[in-house]
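Chemist: Quick one: the structure is below, questions incoming.
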Amino acid sequence: MKGSDIIIKSLENEGVDTIFGYPGGASMEIHQALTLSKKIRLVLPRHEQAGAFAACGYARATGKPGVCLATSGPGATNLVTGIMDAKMDSIPLIALTGQVPTAVIGMDAFQETDILGATFPCVKHSYLVKDIDMIPAVIHEAFYIATSGRPGPVLIDFPKDLQQKEREPDFNKRIKRAGYNPNIIPSKNQIQKAAQLLSEAKRPLIYAGGGIIASEASELLRKFISKTKIPITTTVMGLGIFPEEDPLSLRMLGMHGAVYANIAINHADVILAIGVRFDDRVTGKLSEFCKEARFIHVDIDAGEINKNIKVEVPIQGDAKEVLNQLIGLVKPSDLSDWHQKIEGWKKEFPHHYQLSEQSITPQHVIVELSKQAPSDSIISVGVGQHQMWAAQFYGFKNPRSWLCSSGLGAMGFGLPAAMGAQVAYPNRTVIDIDGDGSFLMNIQELQTLRQEKIPVKVVILNNKYLGMVAQWEDRFYESVRGHTYLGEADFASIAKAFGIEGATINKPAEVAPALKEMLNSKGPYVLDVKYPYDDKSHGHVIPMIPSGRTYLDTILLDGQTLKEHWGIK
Amino acid sequence: MKHTVALLVENEFGVLARISGLFSGRGYNIQSLTVAETLDPKISRMTIVTNGDDRVIEQIMKQLNKLINVIKVQDMTAENHLERILALVKVRVHEKNKKEIRKEIEKMKGKVLEDDDQCLVAEFTGDEKQIAEVHRNLKPFGIMEFEQTGTIAIEKGKKVIGA
């Protein structure tokens, strides 16, 4: 068997059904082998970065590892942003790269890059395979490492000569590894302590995130909340783990989170932080974050515990397993006073926006889309204002229905990630809510949608600006524009040029019917929603806690800070 | 605070780069680093001297532990352990002071490796303090070159760091 065939057979053995791959000199052997595979569909993105993002989208939507493939040199370096995205958000990703032949490694050969060295800080682990006999074992271990413990990206670099060699493979070969044991048994003692803290709490709150999704614990979490009546706020990674229409949901917290979520967490006496990492976008000024609260922190990664915040009850373990034990131990108590307080904050500080008669309000597009889209739709986003508006105003109901480059914040993520999810779920509605800047960064994927018949719907909130940076300019730089104006583009015409349906709207009355038409279309669709970047008022993502500040510094809808609103000096 | 961290790692290419990259990437400091094969050729032992407050050291230990090629990490500072550094020193000599310098070297349990008309090369082992003392005591004679290894460390008593 040829090395390239051994690679494909090994991937099939791991259950791979889709690879997002772009061929080149050092990887074409693998593509040749792929043409013979009956189990694996190769989707050709039009840029390797989009291939990596698509694999991330596939993984986020399915929970299975996403696989991308690129050639050596520029092909491999183009994957790096996607690999880092997977690292930051703990997404299982397998990145396969071709490498120049072993004999010329180190000679600065054509399209040679030390991709292993280049990606050390971006991967959970990586391999340069030099021994053809090791291919099956390396691939098997790569999938194990990518999916176990705290998931993450694994890169495998295959020199071309290895792909071409002939060998009788042993698919049962395994690597012995003393230094990796992801199966952590959580401490019963600590769980007992956590249960007691939660049972005695007067103002308990759950602060949950991506770890719930990674451990498939959403259903159990819902049971836990239904039993204990403890309210929940989620990180941007955690959107969908708990239905947002539920009265116990406080939606997303943090910099652009709900005002009531940020008030509530800063008034809580016991916080169950689970599958979260106390990111700066959540905590703001660390020394002021939840000063009165006692923390229980559950995470599979010991490195996250006591990293940013010293916690009282650390529990290293899988979120699902810990919740499973915790649910039997926590005694529900009467939290009606606490619920009432939260209800009051919700009424006083709802997510809100003002409609205009002249121009489209972007938040309204998201609310309308949330109403019209099927309940099992998958939403993908780029990075910027549109991303935060989607997080604030879309009514998420299910885990794995929100694809968002959260930690890395990589623009250009929306379209390819949607593409990856749509390939996994051809019959579900997958919508990329994008900004014009983000969309432009991987616009070439329109051809992939068309060619591969991937019916992704794209809603572009097109204000001709890099809105989020412009917003910061307005707030902190006296509106001096530092290269944040993009300009005019007719995205519907571009879509049509690729053979994709498209429409443009700019009037408020057009929003609902245009979304309806888009959702009813069979194939891919681009809806270009034009609205003006309106500085300081409607154009900004509000609420906003300026970087490094506290919830009391939240900028409210009327421009006041929460401190001012409450009359605190 | 200074910490001496002992690691057992897989003896593979790239492992050192992953570890040193972790330190630089997260802004941790490496004061010294030594690495060599153990009796088991598949495993290397590394000793890293670093510094930081408790929180930083806790993070360093945890982040090192997360690397797939790292088999074991131990913070030796918390333990009762011995540390050694090897130093090679080239001292300028002339006929008149050679005897005195030799005596000084002997006093510090150094070993003369090369004896020349113009210089002496001597070898010293000791912990950080002792090596600093060597430097201090020989400086007045004129040190031409002073070279030292990183620290290696071993625990006192029966306890060992095994894979």
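Ordering of the structure tokens sets the chain letters (A, B, ...); residue numbers start at 1 within each chain; ligands are numbered from 1 in the order shown.
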Given a cut-off of 10 Å, which residues of chain B touch chain A, counting only C-alpha atoms, written out as a ChimeraX atom specification?

Modeler: /B:8-10,13-15,17-19,21-22,25-26,55-56,58-73,163

Chemist: Output the selection as a short mmCIF file (atom, residue, chain, number, x, y, z; two decimals), in the first residue's frame - C-alpha atoms for each residue.

Modeler:
```cif
data_model
loop_
_atom_site.label_atom_id
_atom_site.label_comp_id
_atom_site.auth_asym_id
_atom_site.auth_seq_id
_atom_site.Cartn_x
_atom_site.Cartn_y
_atom_site.Cartn_z
CA LEU B 8 11.21 14.01 32.47
CA VAL B 9 10.40 14.35 28.78
CA GLU B 10 10.31 12.15 25.72
CA PHE B 13 13.10 16.34 18.32
CA GLY B 14 11.02 19.40 18.95
CA VAL B 15 10.43 18.78 22.65
CA ALA B 17 11.39 23.88 21.34
CA ARG B 18 7.91 23.20 22.72
CA ILE B 19 9.11 23.76 26.27
CA GLY B 21 8.43 28.20 23.43
CA LEU B 22 5.95 27.77 26.25
CA GLY B 25 5.14 32.61 24.72
CA ARG B 26 3.64 33.06 28.16
CA ARG B 55 0.67 31.88 40.87
CA VAL B 56 3.23 32.02 38.05
CA GLU B 58 1.64 27.05 39.53
CA GLN B 59 0.86 28.03 35.94
CA ILE B 60 4.32 26.99 34.73
CA MET B 61 3.90 23.56 36.31
CA LYS B 62 0.40 23.11 34.90
CA GLN B 63 1.27 24.34 31.42
CA LEU B 64 4.34 22.09 31.29
CA ASN B 65 2.21 19.17 32.40
CA LYS B 66 -0.16 19.79 29.49
CA LEU B 67 2.54 19.20 26.88
CA ILE B 68 2.01 15.73 25.48
CA ASN B 69 5.75 14.94 25.44
CA VAL B 70 6.22 15.85 29.09
CA ILE B 71 6.11 12.78 31.29
CA LYS B 72 6.67 14.29 34.69
CA VAL B 73 7.17 17.72 36.21
CA ALA B 163 8.86 7.92 34.79
#
```

Chemist: Using only C-alpha atoms, determine which residues lie at most 6 Å from B:Gln74, disregarding the query and same-chain residues fewer than 2 positions distant; provide the list as number ranges by chain.

Modeler: B: 5-6, 76

Chemist: For A:Asp89, find every residue with an atom within 9 Å (counting only C-alpha atoms), except residues of its own chain fewer than 4 positions away, and show them as a PyMOL selection string.

Modeler: chain A and resi 84-85+151-152+210+237+405-408

Chemist: Fewer than 4 positions away in the same chain doesn't count, so skip those; otherwise give me all residues within 9 Å of B:Lys109, counting only C-alpha atoms, as a list in words.

Modeler: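 That gives Glu104, Ile105, Glu123, Phe124 and Thr125 of chain B.
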
Chemist: As an mmCIF file with C-alpha atoms, in the first residue's frame, which residues of stretch 405-497 of chain A does DSSP assign to strand (DSSP E or B)?

Modeler:
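Output file result29.cif is given in full below:
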```cif
data_model
loop_
_atom_site.group_PDB
_atom_site.id
_atom_site.type_symbol
_atom_site.label_atom_id
_atom_site.label_comp_id
_atom_site.auth_asym_id
_atom_site.auth_seq_id
_atom_site.Cartn_x
_atom_site.Cartn_y
_atom_site.Cartn_z
ATOM 1 C CA VAL A 430 -27.292 27.286 8.183
ATOM 2 C CA ILE A 431 -27.061 31.073 8.237
ATOM 3 C CA ASP A 432 -23.926 33.166 8.194
ATOM 4 C CA ILE A 433 -24.698 36.501 9.823
ATOM 5 C CA ASP A 434 -21.729 38.492 8.634
ATOM 6 C CA GLY A 435 -20.270 41.957 8.483
ATOM 7 C CA LYS A 457 -27.611 31.601 3.610
ATOM 8 C CA VAL A 458 -25.584 34.753 4.133
ATOM 9 C CA VAL A 459 -26.969 37.892 5.736
ATOM 10 C CA ILE A 460 -24.450 40.704 5.454
ATOM 11 C CA LEU A 461 -24.936 43.623 7.804
ATOM 12 C CA ASN A 462 -23.254 46.035 5.453
ATOM 13 C CA TYR A 465 -17.235 50.335 7.972
ATOM 14 C CA TYR A 485 -13.796 52.881 6.271
#
```

Chemist: Which residues are close to A:Val16, i.e. within 12 Å by only C-alpha atoms, leaving aside same-chain residues fewer than 5 positions away? Reply as a VMD selection string.

Modeler: chain A and resid 7 to 11 34 37 to 42 55 58 to 59 64 to 68 93 to 94 139 to 140 143 424

Chemist: When you look at B:Gly150 with a cut-off of 10 Å (counting only C-alpha atoms), what residues show up, excluding the ones that are within fewer than 6 positions of it in the same chain? I need them as a VMD selection string.

Modeler: chain B and resid 31 to 35 47 to 49 83 to 87 128

Chemist: I'd like the contact shell of B:Gly52 - 9 Å cut-off, only C-alpha atoms, skipping same-chain residues fewer than 5 positions apart - returned as a PyMOL selection string.

Modeler: chain B and resi 1-3+28-29+57

Chemist: Taking C-alpha atoms for each residue, export the selection above as a short mmCIF file (atom, residue, chain, number, x, y, z; two decimals), in the first residue's frame.

Modeler:
```cif
data_model
loop_
_atom_site.label_atom_id
_atom_site.label_comp_id
_atom_site.auth_asym_id
_atom_site.auth_seq_id
_atom_site.Cartn_x
_atom_site.Cartn_y
_atom_site.Cartn_z
CA MET B 1 11.15 33.53 44.06
CA LYS B 2 13.60 31.15 42.45
CA HIS B 3 12.32 27.67 41.59
CA TYR B 28 7.94 33.20 31.87
CA ASN B 29 11.62 33.53 32.58
CA ILE B 57 4.98 28.87 39.26
#
```
